[in-house]
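One structure below.
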Amino acid sequence: MFKHILLPVDLNDETSWRKTLPSAIDLCRMYGATLHLMTVVPDIGFYASASQYLPADYEEKVRAQTHDELHAFSARRIPADIKVQHILAHGTIYKEILEAAERVKADLVIMAAHRPELEDYLLGPNAARVVRHARCSVTVVRE
């Protein structure tokens, strides 16, 4: 049923993968699917007032460090029998998730959503946008 499962994670926030990673691993085993493990480095350039105080190569260094952290996370947490593709994106989180889902032809996106605040209504802003706009199935796991 599933051949490509996309799992976006925030490497700095355990709640983004604590419950979703075991589900993704189980589904990959069940269907022989590839796990596309993804993290997004937000675009710092968007915050022009803050970016002027950062070194010129700041974003490049952050991307390189995040690349290493993503591979280390995968080595620690994903069993060897799971086929994994690592995706490091840079930009707006929900847009990058949607683009990656299209690019890898994901059958399923599994992502976490924090407990909603009043302004979030039902889902966090990134999860809600992915659910609304994804062309594949999306499973949202509540923390």
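Labels for the structure tokens follow display order: chains A, B, ..., residues from 1 in each chain, ligands from 1.
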task = Might you pull out every residue within 6 Å of Ile5 of chain A, with only C-alpha atoms counted and same-chain residues fewer than 3 positions away left off, and present them as a list in words?
result = Leu35, His36, Ala106, Leu108 and Val109 of chain A
query = Which residues come within 10 Å of Val140 of chain A, counting only C-alpha atoms, excluding same-chain residues fewer than 6 positions away, as a VMD selection string?
reply = chain A and resid 20 109 to 114 123 127 to 128 130 to 131
Could those selected residues go to a file with C-alpha atoms, as a compact mmCIF listing (two decimals), in the first residue's frame?
# COMPACT_ATOMS: atom_id res chain seq x y z
CA THR A 20 5.77 9.51 14.71
CA VAL A 109 3.27 11.93 5.20
CA ILE A 110 3.45 11.27 8.92
CA MET A 111 3.93 14.31 11.10
CA ALA A 112 3.44 15.46 14.64
CA ALA A 113 1.22 18.28 15.76
CA HIS A 114 1.53 20.03 19.06
CA LEU A 123 -3.79 21.65 14.21
CA ALA A 127 0.48 20.41 9.99
CA ALA A 128 -2.78 22.11 9.00
CA VAL A 130 0.23 20.09 4.86
CA VAL A 131 -3.09 18.31 5.50
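Distances to Ala101 of chain A were evaluated for A:Leu27, A:Asn126, A:Pro8, A:Met1 using only C-alpha atoms, and the minimum falls at A:Pro8.
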query = How would you write, as a ChimeraX atom specification, the set of residues in segment 8-135 of chain A that DSSP gives as alpha helix (DSSP H)?
reply = /A:20-31,48-51,58-77,93-103,125-133
query = Taking the backbone alone, and naming residues the way the document does, which bits of chain A are strand (DSSP E) by DSSP, as an MDAnalysis selection string?
reply = chainID A and resid 4:8 34:41 83:90 108:113 137:142
Next, the residues of the selection above should be written as a compact mmCIF listing (two decimals), in the first residue's frame with C-alpha atoms.
# COMPACT_ATOMS: atom_id res chain seq x y z
CA HIS A 4 7.35 6.06 0.10
CA ILE A 5 6.70 7.50 3.55
CA LEU A 6 7.81 11.06 4.31
CA LEU A 7 8.63 11.84 7.95
CA PRO A 8 9.42 15.49 8.66
CA THR A 34 11.32 3.65 1.92
CA LEU A 35 11.42 6.18 4.75
CA HIS A 36 12.17 9.70 3.59
CA LEU A 37 13.47 11.38 6.72
CA MET A 38 13.30 15.14 6.36
CA THR A 39 14.23 18.23 8.27
CA VAL A 40 13.89 21.86 7.26
CA VAL A 41 16.30 24.67 8.02
CA LYS A 83 15.60 1.92 3.70
CA VAL A 84 16.18 5.61 4.43
CA GLN A 85 16.59 8.64 2.24
CA HIS A 86 17.70 11.84 3.97
CA ILE A 87 16.20 15.13 2.88
CA LEU A 88 17.56 18.46 4.07
CA ALA A 89 15.45 21.37 2.91
CA HIS A 90 15.80 25.10 3.38
CA LEU A 108 2.00 9.06 3.08
CA VAL A 109 3.27 11.93 5.20
CA ILE A 110 3.45 11.27 8.92
CA MET A 111 3.93 14.31 11.10
CA ALA A 112 3.44 15.46 14.64
CA ALA A 113 1.22 18.28 15.76
CA SER A 137 -2.48 10.84 2.63
CA VAL A 138 -1.31 12.61 5.76
CA THR A 139 -1.33 11.13 9.24
CA VAL A 140 -1.09 13.65 12.05
CA VAL A 141 0.01 12.29 15.39
CA ARG A 142 -0.89 14.35 18.45
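What separates atom CA of Arg18 of chain A from atom CA of Ile93 of chain A is a distance of 18.9 Å.
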ask   = Could you work out how far atom CA of His67 of chain A lies from atom CA of Glu102 of chain A, giving the answer in Å with one decimal?
value = 21.1 Å
Pull the closest atom pair for each residue of segment 40-101 of chain A that gets at most 10 Å from segment 11-16 of chain A, along with the distance in Å to one decimal, counting only C-alpha atoms, ordering rows by chain and then ascending residue number, as a tab-separated table.
residue	atom	partner	partner_atom	distance
A:Val40	CA	A:Leu11	CA	9.3
A:Thr66	CA	A:Leu11	CA	8.3
A:Glu69	CA	A:Leu11	CA	7.6
A:Leu70	CA	A:Leu11	CA	7.2
A:Phe73	CA	A:Leu11	CA	7.8
remark   = Restricting to only C-alpha atoms, whichever of A:Ala56, A:Leu21, A:Ala134, A:Ala80 is closest to Lys95 of chain A is A:Ala134
message = Counting only C-alpha atoms, which residue out of A:Ile97, A:His133, A:Pro125, A:Asp43 sits closest to Val9 of chain A?
response = A:Ile97
key: Point-to-point distance in Å for atom CA of Met30 of chain A and atom CA of Glu99 of chain A   = 25.6 Å
